[in-house]
>>> print(open('query23.csv').read())   # CSV, C-alpha atoms and all ligand atoms
chain,number,residue,atom,x,y,z
A,1,MET,CA,58.7,-136.3,1.3
A,2,LYS,CA,57.3,-132.7,1.5
A,3,LYS,CA,53.6,-132.2,0.9
A,4,ILE,CA,52.5,-130.0,-2.0
A,5,LYS,CA,50.9,-127.0,-0.3
A,6,LYS,CA,51.6,-124.1,-2.7
A,7,ALA,CA,50.4,-123.5,-6.3
A,8,VAL,CA,51.4,-120.9,-8.9
A,9,ILE,CA,49.0,-119.9,-11.6
A,10,PRO,CA,50.8,-117.9,-14.4
A,11,ALA,CA,48.2,-115.5,-15.9
A,12,ALA,CA,50.4,-112.7,-17.3
A,13,GLY,CA,50.5,-113.7,-21.0
A,14,LEU,CA,49.3,-111.2,-23.6
A,15,GLY,CA,46.7,-113.5,-25.1
A,16,THR,CA,47.4,-112.5,-28.7
A,17,ARG,CA,45.5,-115.5,-30.1
A,18,PHE,CA,42.3,-114.0,-28.6
A,19,LEU,CA,42.5,-110.3,-29.7
A,20,PRO,CA,40.6,-108.0,-29.6
A,21,ALA,CA,38.9,-109.5,-26.5
A,22,THR,CA,42.2,-109.6,-24.7
A,23,LYS,CA,43.3,-106.0,-25.5
A,24,ALA,CA,42.2,-104.6,-22.2
A,25,GLN,CA,41.0,-107.7,-20.5
A,26,PRO,CA,42.9,-110.9,-19.4
A,27,LYS,CA,42.0,-114.1,-21.2
A,28,GLU,CA,41.9,-115.8,-17.8
A,29,MET,CA,38.8,-113.7,-17.0
A,30,LEU,CA,36.9,-114.9,-20.1
A,31,PRO,CA,33.7,-116.6,-18.8
A,32,ILE,CA,33.0,-120.2,-19.5
A,33,VAL,CA,29.2,-120.0,-19.2
A,34,ASP,CA,29.1,-117.6,-16.2
A,35,THR,CA,32.4,-118.3,-14.4
A,36,PRO,CA,35.8,-116.8,-15.3
A,37,ALA,CA,38.3,-119.5,-16.4
A,38,ILE,CA,40.7,-118.6,-13.6
A,39,GLN,CA,38.0,-119.3,-11.0
A,40,TYR,CA,37.7,-122.9,-12.2
A,41,ILE,CA,41.5,-123.2,-12.0
A,42,VAL,CA,41.6,-121.8,-8.5
A,43,GLU,CA,38.8,-124.2,-7.4
A,44,GLU,CA,40.8,-127.1,-8.9
A,45,ALA,CA,43.8,-126.2,-6.9
A,46,ILE,CA,41.8,-126.0,-3.7
A,47,ALA,CA,40.0,-129.3,-4.4
A,48,SER,CA,43.5,-130.8,-4.8
A,49,GLY,CA,44.6,-129.8,-1.3
A,50,ILE,CA,46.5,-126.7,-2.1
A,51,GLU,CA,46.7,-124.2,0.8
A,52,GLU,CA,48.3,-121.2,-0.8
A,53,ILE,CA,47.9,-119.8,-4.3
A,54,LEU,CA,50.0,-117.3,-6.1
A,55,ILE,CA,48.7,-115.8,-9.3
A,56,ILE,CA,51.2,-114.2,-11.6
A,57,THR,CA,49.6,-111.2,-13.2
A,58,GLY,CA,50.6,-108.4,-15.5
A,59,ARG,CA,49.3,-105.1,-16.7
A,60,ASN,CA,45.6,-105.2,-17.8
A,61,LYS,CA,45.1,-107.9,-15.2
A,62,ARG,CA,43.5,-105.9,-12.4
A,63,SER,CA,40.2,-107.6,-12.9
A,64,ILE,CA,41.7,-110.9,-11.7
A,65,GLU,CA,42.6,-109.2,-8.4
A,66,ASP,CA,39.2,-107.5,-8.2
A,67,HIS,CA,37.4,-110.8,-8.8
A,68,PHE,CA,39.0,-112.4,-5.7
A,69,ASP,CA,38.5,-109.2,-3.6
A,70,ARG,CA,35.2,-108.2,-1.8
A,71,SER,CA,32.7,-106.2,-3.7
A,72,LEU,CA,31.0,-104.3,-0.9
A,73,GLU,CA,28.5,-102.4,-3.1
A,74,LEU,CA,27.3,-105.5,-4.8
A,75,GLU,CA,27.0,-107.4,-1.4
A,76,LEU,CA,24.9,-104.6,0.0
A,77,GLN,CA,22.7,-104.5,-3.0
A,78,LEU,CA,22.1,-108.3,-3.1
A,79,LYS,CA,21.3,-108.2,0.6
A,80,ALA,CA,18.8,-105.4,0.1
A,81,GLN,CA,17.2,-107.3,-2.7
A,82,GLY,CA,17.1,-110.5,-0.7
A,83,LYS,CA,19.2,-112.3,-3.3
A,84,TYR,CA,20.9,-114.5,-0.7
A,85,ASP,CA,22.0,-117.3,-3.0
A,86,GLN,CA,24.0,-114.8,-5.2
A,87,LEU,CA,25.3,-113.1,-2.1
A,88,LYS,CA,26.6,-116.4,-0.7
A,89,MET,CA,28.2,-117.2,-4.1
A,90,ILE,CA,30.2,-113.9,-4.3
A,91,GLU,CA,31.2,-114.1,-0.7
A,92,GLU,CA,32.6,-117.5,-1.2
A,93,ILE,CA,34.8,-116.2,-4.0
A,94,SER,CA,36.2,-113.4,-2.0
A,95,ASP,CA,36.9,-115.7,1.0
A,96,ILE,CA,39.4,-117.6,-1.2
A,97,GLN,CA,42.9,-116.5,-0.2
A,98,VAL,CA,45.0,-115.7,-3.2
A,99,HIS,CA,48.3,-113.8,-3.5
A,100,PHE,CA,49.5,-111.8,-6.5
A,101,VAL,CA,52.8,-110.8,-8.0
A,102,ARG,CA,53.3,-109.0,-11.2
A,103,GLN,CA,55.4,-110.1,-14.0
A,104,LYS,CA,56.5,-106.7,-15.3
A,105,GLU,CA,57.1,-107.8,-18.9
A,106,ALA,CA,55.6,-110.9,-20.6
A,107,LYS,CA,59.0,-112.6,-21.1
A,108,GLY,CA,57.6,-116.1,-21.2
A,109,LEU,CA,56.1,-118.8,-19.1
A,110,GLY,CA,59.5,-119.7,-17.6
A,111,HIS,CA,60.0,-116.1,-16.5
A,112,ALA,CA,56.5,-116.0,-15.0
A,113,VAL,CA,57.2,-119.1,-12.9
A,114,LEU,CA,60.5,-117.5,-11.8
A,115,CYS,CA,58.5,-114.6,-10.4
A,116,ALA,CA,57.2,-117.1,-7.8
A,117,LYS,CA,60.6,-118.0,-6.4
A,118,GLN,CA,60.3,-116.1,-3.1
A,119,PHE,CA,56.8,-117.2,-2.5
A,120,ILE,CA,57.7,-120.8,-3.0
A,121,GLY,CA,61.0,-121.0,-1.1
A,122,GLU,CA,62.5,-124.5,-0.8
A,123,GLU,CA,59.4,-126.7,-1.4
A,124,PRO,CA,58.0,-128.7,-4.3
A,125,PHE,CA,55.0,-126.8,-5.7
A,126,ALA,CA,52.3,-127.0,-8.3
A,127,VAL,CA,51.8,-125.0,-11.5
A,128,LEU,CA,48.5,-124.7,-13.2
A,129,LEU,CA,48.3,-122.6,-16.4
A,130,GLY,CA,45.7,-119.9,-16.2
A,131,ASP,CA,44.2,-120.7,-19.6
A,132,ASP,CA,44.1,-124.5,-19.4
A,133,LEU,CA,40.8,-126.0,-18.1
A,134,VAL,CA,40.6,-129.7,-17.2
A,135,ASP,CA,37.2,-131.3,-16.6
A,136,ALA,CA,37.9,-134.5,-14.6
A,137,LYS,CA,36.2,-136.7,-12.0
A,138,VAL,CA,39.4,-136.4,-9.8
A,139,PRO,CA,40.9,-132.9,-10.2
A,140,ALA,CA,43.8,-133.1,-12.6
A,141,LEU,CA,46.2,-131.5,-10.1
A,142,ALA,CA,45.1,-134.0,-7.4
A,143,GLN,CA,46.1,-136.8,-9.9
A,144,LEU,CA,49.5,-135.3,-10.4
A,145,ILE,CA,50.0,-134.8,-6.7
A,146,GLN,CA,49.2,-138.5,-6.2
A,147,ALA,CA,51.8,-139.4,-8.9
A,148,TYR,CA,54.3,-137.1,-7.1
A,149,ASP,CA,53.7,-139.0,-3.8
A,150,ASP,CA,54.2,-142.2,-5.7
A,151,MET,CA,57.3,-141.3,-7.7
A,152,GLY,CA,58.9,-138.6,-5.6
A,153,GLY,CA,60.1,-136.3,-8.4
A,154,SER,CA,58.8,-133.5,-10.6
A,155,ILE,CA,55.6,-134.5,-12.5
A,156,LEU,CA,54.5,-133.2,-15.9
A,157,GLY,CA,50.8,-133.6,-16.7
A,158,VAL,CA,50.6,-135.1,-20.2
A,159,GLN,CA,48.1,-136.5,-22.7
A,160,LYS,CA,48.7,-138.0,-26.1
A,161,VAL,CA,47.9,-135.6,-28.9
A,162,ALA,CA,47.5,-136.2,-32.6
A,163,SER,CA,50.8,-136.3,-34.5
A,164,LYS,CA,49.8,-133.2,-36.6
A,165,ASP,CA,49.3,-131.2,-33.3
A,166,VAL,CA,52.7,-131.9,-31.6
A,167,SER,CA,54.1,-128.6,-32.9
A,168,ARG,CA,51.8,-126.7,-30.5
A,169,TYR,CA,53.2,-128.2,-27.3
A,170,GLY,CA,56.2,-129.2,-25.2
A,171,ILE,CA,56.7,-132.9,-26.1
A,172,VAL,CA,58.3,-135.5,-23.8
A,173,ARG,CA,61.0,-138.0,-24.8
A,174,PRO,CA,59.6,-140.8,-22.7
A,175,LYS,CA,61.0,-143.9,-21.0
A,176,SER,CA,58.2,-146.2,-19.9
A,177,VAL,CA,58.0,-146.7,-16.1
A,178,LYS,CA,54.5,-148.1,-15.4
A,179,PRO,CA,51.0,-147.6,-16.6
A,180,ARG,CA,50.4,-143.9,-17.2
A,181,VAL,CA,53.9,-143.0,-16.0
A,182,TRP,CA,57.1,-142.3,-18.0
A,183,GLN,CA,60.4,-140.9,-17.1
A,184,ALA,CA,60.8,-137.7,-19.1
A,185,LEU,CA,64.4,-138.0,-20.5
A,186,ASP,CA,64.0,-134.7,-22.3
A,187,LEU,CA,61.5,-132.2,-23.4
A,188,VAL,CA,61.2,-130.5,-26.8
A,189,GLU,CA,59.3,-127.3,-27.3
A,190,LYS,CA,57.0,-127.3,-30.3
A,191,PRO,CA,58.7,-129.9,-32.5
A,192,SER,CA,57.7,-130.7,-36.1
A,193,PRO,CA,55.9,-134.1,-36.3
A,194,GLU,CA,59.0,-135.6,-37.9
A,195,ASP,CA,61.3,-134.5,-35.1
A,196,ALA,CA,58.9,-135.2,-32.2
A,197,PRO,CA,60.2,-137.7,-29.7
A,198,SER,CA,56.6,-138.9,-28.9
A,199,GLU,CA,53.0,-137.7,-29.0
A,200,LEU,CA,53.0,-137.0,-25.2
A,201,ALA,CA,52.2,-133.3,-24.8
A,202,VAL,CA,52.6,-131.3,-21.6
A,203,LEU,CA,49.3,-129.8,-20.9
A,204,GLY,CA,49.2,-127.0,-18.3
A,205,ARG,CA,49.6,-129.0,-15.0
A,206,TYR,CA,53.0,-129.5,-13.3
A,207,VAL,CA,54.4,-130.5,-9.9
A,208,LEU,CA,58.0,-129.1,-9.8
A,209,THR,CA,60.9,-129.3,-7.3
A,210,PRO,CA,62.4,-126.0,-6.3
A,211,ALA,CA,65.6,-126.9,-8.2
A,212,ILE,CA,63.7,-125.5,-11.2
A,213,PHE,CA,64.4,-121.9,-10.0
A,214,ASP,CA,68.2,-122.0,-10.4
A,215,LEU,CA,67.7,-123.5,-13.8
A,216,LEU,CA,65.2,-120.8,-14.8
A,217,GLU,CA,67.6,-118.1,-13.7
A,218,LYS,CA,70.2,-119.5,-16.1
A,219,THR,CA,67.8,-120.1,-19.0
A,220,GLN,CA,68.3,-117.9,-22.0
A,221,PRO,CA,65.4,-116.7,-24.1
A,222,GLY,CA,64.5,-119.5,-26.5
A,223,ALA,CA,61.7,-120.0,-29.0
A,224,GLY,CA,59.9,-116.7,-29.7
A,225,GLY,CA,62.4,-114.7,-27.6
A,226,GLU,CA,60.7,-116.0,-24.4
A,227,ILE,CA,62.2,-117.7,-21.4
A,228,GLN,CA,60.7,-121.2,-21.8
A,229,LEU,CA,59.7,-123.3,-18.9
A,230,THR,CA,60.2,-126.3,-21.2
A,231,ASP,CA,63.9,-125.5,-21.6
A,232,ALA,CA,64.5,-125.4,-17.8
A,233,ILE,CA,62.5,-128.6,-17.3
A,234,SER,CA,64.6,-130.2,-20.0
A,235,ARG,CA,67.8,-129.3,-18.0
A,236,LEU,CA,66.2,-130.4,-14.8
A,237,SER,CA,65.7,-133.9,-16.3
A,238,THR,CA,69.4,-134.2,-16.7
A,239,LYS,CA,69.9,-133.5,-13.0
A,240,GLU,CA,67.1,-135.4,-11.3
A,241,ALA,CA,64.3,-137.7,-12.4
A,242,VAL,CA,61.4,-135.9,-14.0
A,243,PHE,CA,58.2,-137.9,-14.7
A,244,ALA,CA,55.4,-137.5,-17.1
A,245,TYR,CA,52.0,-138.6,-15.9
A,246,ALA,CA,49.0,-139.2,-18.2
A,247,PHE,CA,46.1,-137.6,-16.3
A,248,GLU,CA,42.5,-138.4,-16.9
A,249,GLY,CA,40.1,-135.7,-18.0
A,250,ARG,CA,39.1,-133.5,-20.9
A,251,ARG,CA,41.4,-130.5,-21.3
A,252,TYR,CA,40.5,-127.2,-23.0
A,253,ASP,CA,42.9,-124.5,-24.1
A,254,ILE,CA,40.6,-121.5,-23.6
A,255,GLY,CA,43.3,-119.1,-24.9
A,256,ASP,CA,42.5,-120.6,-28.3
A,257,LYS,CA,39.2,-119.6,-29.9
A,258,GLU,CA,38.2,-123.2,-30.8
A,259,GLY,CA,39.1,-124.5,-27.3
A,260,PHE,CA,37.1,-121.6,-25.8
A,261,LEU,CA,34.0,-122.5,-27.9
A,262,GLU,CA,34.3,-126.2,-27.1
A,263,ALA,CA,34.5,-125.5,-23.3
A,264,THR,CA,31.6,-123.1,-23.5
A,265,VAL,CA,29.3,-125.6,-25.2
A,266,GLU,CA,30.3,-128.6,-23.1
A,267,TYR,CA,30.3,-126.8,-19.8
A,268,ALA,CA,26.8,-125.4,-20.6
A,269,LEU,CA,25.5,-128.9,-21.3
A,270,LYS,CA,26.7,-129.9,-17.9
A,271,ARG,CA,24.5,-127.3,-16.2
A,272,PRO,CA,21.2,-128.7,-15.1
A,273,GLU,CA,19.4,-125.4,-15.6
A,274,LEU,CA,20.8,-124.9,-19.1
A,275,ARG,CA,21.1,-128.5,-20.5
A,276,ASP,CA,17.5,-129.0,-21.8
A,277,PRO,CA,16.9,-125.6,-23.4
A,278,PHE,CA,20.4,-125.5,-24.9
A,279,LEU,CA,20.3,-129.0,-26.2
A,280,SER,CA,17.0,-128.2,-27.8
A,281,TYR,CA,18.5,-125.1,-29.4
A,282,LEU,CA,21.5,-127.2,-30.7
A,283,THR,CA,19.2,-129.9,-32.0
A,284,ASN,CA,16.5,-127.8,-33.6
A,285,THR,CA,18.4,-124.7,-34.8
A,286,ILE,CA,22.0,-125.7,-35.2
A,287,GLY,CA,21.4,-129.4,-36.2
A,288,PRO,CA,19.5,-128.7,-39.4
A,289,MET,CA,22.1,-126.1,-40.4
A,290,LEU,CA,24.9,-128.7,-40.2
A,291,GLY,CA,23.2,-130.8,-42.8
A,292,LYS,CA,23.4,-127.9,-45.3
A,293,ARG,CA,27.2,-127.3,-45.1
B,1,LIG,P1,50.5,-118.9,-23.7
B,1,LIG,O1,51.6,-118.9,-24.7
B,1,LIG,O2,49.3,-119.8,-23.9
B,1,LIG,O3,49.9,-117.5,-23.4
B,1,LIG,O4,51.1,-119.2,-22.3
B,1,LIG,P2,50.0,-116.1,-24.2
B,1,LIG,O5,51.4,-115.8,-24.5
B,1,LIG,O6,49.2,-115.2,-23.4
B,1,LIG,O7,49.1,-116.5,-25.4
B,1,LIG,P3,49.1,-116.1,-26.9
B,1,LIG,O8,49.9,-117.2,-27.6
B,1,LIG,O9,49.7,-114.7,-27.0
B,1,LIG,O10,47.7,-116.1,-27.3
B,1,LIG,C1,50.7,-120.1,-21.3
B,1,LIG,C2,50.4,-119.6,-20.0
B,1,LIG,O11,51.5,-118.8,-19.5
B,1,LIG,C3,51.2,-117.5,-19.1
B,1,LIG,C4,49.9,-117.2,-19.9
B,1,LIG,O12,49.1,-116.3,-19.1
B,1,LIG,C5,49.2,-118.6,-19.9
B,1,LIG,O13,48.5,-118.9,-18.8
B,1,LIG,N1,52.3,-116.6,-19.4
B,1,LIG,C6,52.8,-116.6,-20.7
B,1,LIG,C7,52.7,-115.7,-18.5
B,1,LIG,O14,52.2,-115.7,-17.4
B,1,LIG,N2,53.7,-114.8,-18.8
B,1,LIG,C8,54.3,-114.9,-20.1
B,1,LIG,O15,55.2,-114.0,-20.3
B,1,LIG,C9,53.8,-115.8,-21.0
>>> encode(input="query23.csv", output="structure tokens")
Amino acid sequence: MKKIKKAVIPAAGLGTRFLPATKAQPKEMLPIVDTPAIQYIVEEAIASGIEEILIITGRNKRSIEDHFDRSLELELQLKAQGKYDQLKMIEEISDIQVHFVRQKEAKGLGHAVLCAKQFIGEEPFAVLLGDDLVDAKVPALAQLIQAYDDMGGSILGVQKVASKDVSRYGIVRPKSVKPRVWQALDLVEKPSPEDAPSELAVLGRYVLTPAIFDLLEKTQPGAGGEIQLTDAISRLSTKEAVFAYAFEGRRYDIGDKEGFLEATVEYALKRPELRDPFLSYLTNTIGPMLGKR
């Protein structure tokens, strides 16, 4: 079985849920504490053994490319000021090898993944959504790759969501295989709670076989006029076994304001230098306000 060496990070969406911040700036560059969301995702891919990363960008996304490029002026300045820790930090970011391709129009996630066809070739590959953060002991993608090694087919990273929330996600029609693993018999994009085949939602991490590209090419625009990855995966599941794997970890949709705020607070509390003062602010300033709601 082929090893998963390449990952695609679609980051070309328009981020309309986060306007006006995303008018001229990609949502993937929004900082969680002090680090752009996409950096956490690139780090997850590398920690999961990925060797080559392709980021799908669009207009207004130049800052993503700049972030992974060198910043010579800043390097000189930090060196002159003797700020060697910061210098090392920014050099490590620009040492990461990432490739870029532009999606010329935001025609949907499926269309964004199709832009990776040439880069991927005939290998199974990983997809990590640019606005989904997962905080986990074992990186979420590493868990999916393990499941791929075990099951040998496409793997969808899923978690159970509340019934009222199914209409925000792609939902799996599951057939139980073993603990944490189901065969995905079908996939339904944003169903109503009554029509949902389960509460297993696909959450921003995938391992896909290259057969997906032919299917994406044939996929017509679906919900919202966009070419949906969900539709192509649904068709894939009729041709070869596709599995859903319940990964461990806390997932944040940082393209959503609430998700962004939750990630900001929880990641801040994990930073040793911020934890105590921030906790004291939350307890002493915010805590008493909560009682007055
Ligand atoms: P979302 O639906 O969350 O992104 O797509 P969006 O369209 O930017 O968000 P809203 O709803 O308008 O706020 C999930 C992922 O797919 C990427 C997004 O960048 C995000 O990482 N995407 C989406 C693309 O790369 N291209 C697209 O055409 C659409």
>>> closest_residue(input="query23.csv", among="A:Leu290, A:Lys107, A:Arg70, A:Leu141", to="A:Met89", atoms="all atoms listed in the file")
A:Arg70
>>> residues_near_ligand(input="query23.csv", ligand="ligand LIG 1 (chain B)", cutoff="7 Å", atoms="all atoms listed in the file", output="CSV table (one decimal) with C-alpha atoms, keeping the file's coordinate frame")
chain,number,residue,atom,x,y,z
A,10,PRO,CA,50.8,-117.9,-14.4
A,11,ALA,CA,48.2,-115.5,-15.9
A,12,ALA,CA,50.4,-112.7,-17.3
A,13,GLY,CA,50.5,-113.7,-21.0
A,14,LEU,CA,49.3,-111.2,-23.6
A,15,GLY,CA,46.7,-113.5,-25.1
A,16,THR,CA,47.4,-112.5,-28.7
A,17,ARG,CA,45.5,-115.5,-30.1
A,18,PHE,CA,42.3,-114.0,-28.6
A,56,ILE,CA,51.2,-114.2,-11.6
A,57,THR,CA,49.6,-111.2,-13.2
A,103,GLN,CA,55.4,-110.1,-14.0
A,105,GLU,CA,57.1,-107.8,-18.9
A,106,ALA,CA,55.6,-110.9,-20.6
A,107,LYS,CA,59.0,-112.6,-21.1
A,108,GLY,CA,57.6,-116.1,-21.2
A,109,LEU,CA,56.1,-118.8,-19.1
A,111,HIS,CA,60.0,-116.1,-16.5
A,112,ALA,CA,56.5,-116.0,-15.0
A,129,LEU,CA,48.3,-122.6,-16.4
A,130,GLY,CA,45.7,-119.9,-16.2
A,131,ASP,CA,44.2,-120.7,-19.6
A,255,GLY,CA,43.3,-119.1,-24.9
A,256,ASP,CA,42.5,-120.6,-28.3
>>> residues_around(input="query23.csv", residues="stretch 161-178 of chain A", least_positions_apart="4", cutoff="12 Å", atoms="all atoms listed in the file", output="PyMOL selection string")
chain A and resi 147+150-151+155-157+182-204+223+228-234+237+241-246+251+253+256
>>> closest_residue(input="query23.csv", among="A:Tyr267, A:Tyr148, A:Phe125, A:Phe247", to="A:Val113", atoms="all atoms listed in the file")
A:Phe125
>>> atom_distance(input="query23.csv", atom1="atom CA of A:Leu216", atom2="atom CA of A:His99")
21.5 Å
>>> residues_around(input="query23.csv", residues="A:Lys2", least_positions_apart="3", cutoff="10 Å", atoms="all atoms listed in the file", output="ChimeraX atom specification")
/A:5,122-125,149,152
>>> write_last_selection(input="query23.csv", atoms="C-alpha atoms", output="PDB file, in the frame of the given file")
ATOM      1  CA  LYS A   5      50.900-127.000  -0.300  1.00  0.00           C
ATOM      2  CA  GLU A 122      62.500-124.500  -0.800  1.00  0.00           C
ATOM      3  CA  GLU A 123      59.400-126.700  -1.400  1.00  0.00           C
ATOM      4  CA  PRO A 124      58.000-128.700  -4.300  1.00  0.00           C
ATOM      5  CA  PHE A 125      55.000-126.800  -5.700  1.00  0.00           C
ATOM      6  CA  ASP A 149      53.700-139.000  -3.800  1.00  0.00           C
ATOM      7  CA  GLY A 152      58.900-138.600  -5.600  1.00  0.00           C
TER       8      GLY A 152
END
>>> atom_distance(input="query23.csv", atom1="atom CA of A:Gln39", atom2="atom CA of A:Ile93")
8.3 Å
>>> atom_distance(input="query23.csv", atom1="atom CA of A:Lys270", atom2="atom CA of A:Ile32")
11.7 Å
>>> residues_near_point(input="query23.csv", point="(39.8, -120.5, -12.8)", cutoff="9 Å", atoms="all atoms listed in the file", output="NGL selection string")
:A and (28-29 or 35-44 or 130-133)
>>> closest_residue(input="query23.csv", among="A:Gln159, A:Val134, A:Pro288, A:Gly225", to="A:Gly259", atoms="all atoms listed in the file")
A:Val134
>>> residues_around(input="query23.csv", residues="A:Glu75", least_positions_apart="6", cutoff="9 Å", atoms="only C-alpha atoms", output="ChimeraX atom specification")
/A:86-87,90-91
>>> closest_residue(input="query23.csv", among="A:Ala142, A:Ile227, A:Ile64, A:Leu261", to="A:Leu215", atoms="only C-alpha atoms")
A:Ile227
>>> residues_around(input="query23.csv", residues="A:Ile120", least_positions_apart="6", cutoff="10 Å", atoms="only C-alpha atoms", output="VMD selection string")
chain A and resid 5 to 8 52 to 54 114 126 210 213
>>> closest_residue(input="query23.csv", among="A:Val98, A:Ser280, A:Ile212, A:Ile55", to="A:Gly121", atoms="only C-alpha atoms")
A:Ile212
>>> closest_residue(input="query23.csv", among="A:Val33, A:Leu78, A:Ile9, A:Ala47", to="A:Val101", atoms="only C-alpha atoms")
A:Ile9
>>> decode(input="query23.csv", residues="stretch 219-233 of chain A", atoms="N, CA, C and O atoms", output="short mmCIF file (atom, residue, chain, number, x, y, z; two decimals), in the first residue's frame")
data_model
loop_
_atom_site.label_atom_id
_atom_site.label_comp_id
_atom_site.auth_asym_id
_atom_site.auth_seq_id
_atom_site.Cartn_x
_atom_site.Cartn_y
_atom_site.Cartn_z
N THR A 219 -18.35 16.14 -11.28
CA THR A 219 -19.34 16.61 -10.31
C THR A 219 -19.91 17.97 -10.73
O THR A 219 -19.15 18.90 -11.00
N GLN A 220 -21.21 18.03 -10.79
CA GLN A 220 -21.89 19.29 -11.13
C GLN A 220 -22.04 20.13 -9.86
O GLN A 220 -22.09 19.58 -8.77
N PRO A 221 -22.13 21.45 -10.02
CA PRO A 221 -22.35 22.28 -8.84
C PRO A 221 -23.59 21.80 -8.08
O PRO A 221 -24.61 21.50 -8.69
N GLY A 222 -23.46 21.70 -6.77
CA GLY A 222 -24.57 21.23 -5.93
C GLY A 222 -25.04 22.34 -5.01
O GLY A 222 -25.21 23.49 -5.46
N ALA A 223 -25.19 22.01 -3.72
CA ALA A 223 -25.68 22.99 -2.73
C ALA A 223 -24.90 24.29 -2.84
O ALA A 223 -23.67 24.29 -2.89
N GLY A 224 -25.60 25.42 -2.92
CA GLY A 224 -24.98 26.74 -2.95
C GLY A 224 -24.25 27.03 -4.26
O GLY A 224 -23.43 27.95 -4.32
N GLY A 225 -24.51 26.23 -5.31
CA GLY A 225 -23.85 26.47 -6.60
C GLY A 225 -22.38 26.09 -6.58
O GLY A 225 -21.62 26.42 -7.49
N GLU A 226 -21.94 25.39 -5.53
CA GLU A 226 -20.53 25.03 -5.41
C GLU A 226 -20.30 23.57 -5.77
O GLU A 226 -21.20 22.73 -5.60
N ILE A 227 -19.09 23.28 -6.27
CA ILE A 227 -18.74 21.88 -6.53
C ILE A 227 -18.33 21.28 -5.17
O ILE A 227 -17.34 21.70 -4.57
N GLN A 228 -19.16 20.36 -4.71
CA GLN A 228 -19.02 19.85 -3.34
C GLN A 228 -18.13 18.61 -3.30
O GLN A 228 -18.37 17.65 -4.04
N LEU A 229 -17.14 18.64 -2.41
CA LEU A 229 -16.31 17.45 -2.20
C LEU A 229 -17.19 16.29 -1.71
O LEU A 229 -17.00 15.14 -2.10
N THR A 230 -18.17 16.64 -0.88
CA THR A 230 -19.08 15.62 -0.34
C THR A 230 -19.74 14.81 -1.47
O THR A 230 -19.85 13.59 -1.37
N ASP A 231 -20.20 15.49 -2.53
CA ASP A 231 -20.87 14.79 -3.62
C ASP A 231 -19.93 13.79 -4.29
O ASP A 231 -20.32 12.66 -4.61
N ALA A 232 -18.68 14.21 -4.51
CA ALA A 232 -17.72 13.31 -5.18
C ALA A 232 -17.37 12.14 -4.26
O ALA A 232 -17.24 11.00 -4.72
N ILE A 233 -17.25 12.38 -2.95
CA ILE A 233 -16.95 11.27 -2.02
C ILE A 233 -18.12 10.30 -1.97
O ILE A 233 -17.95 9.09 -1.90
#
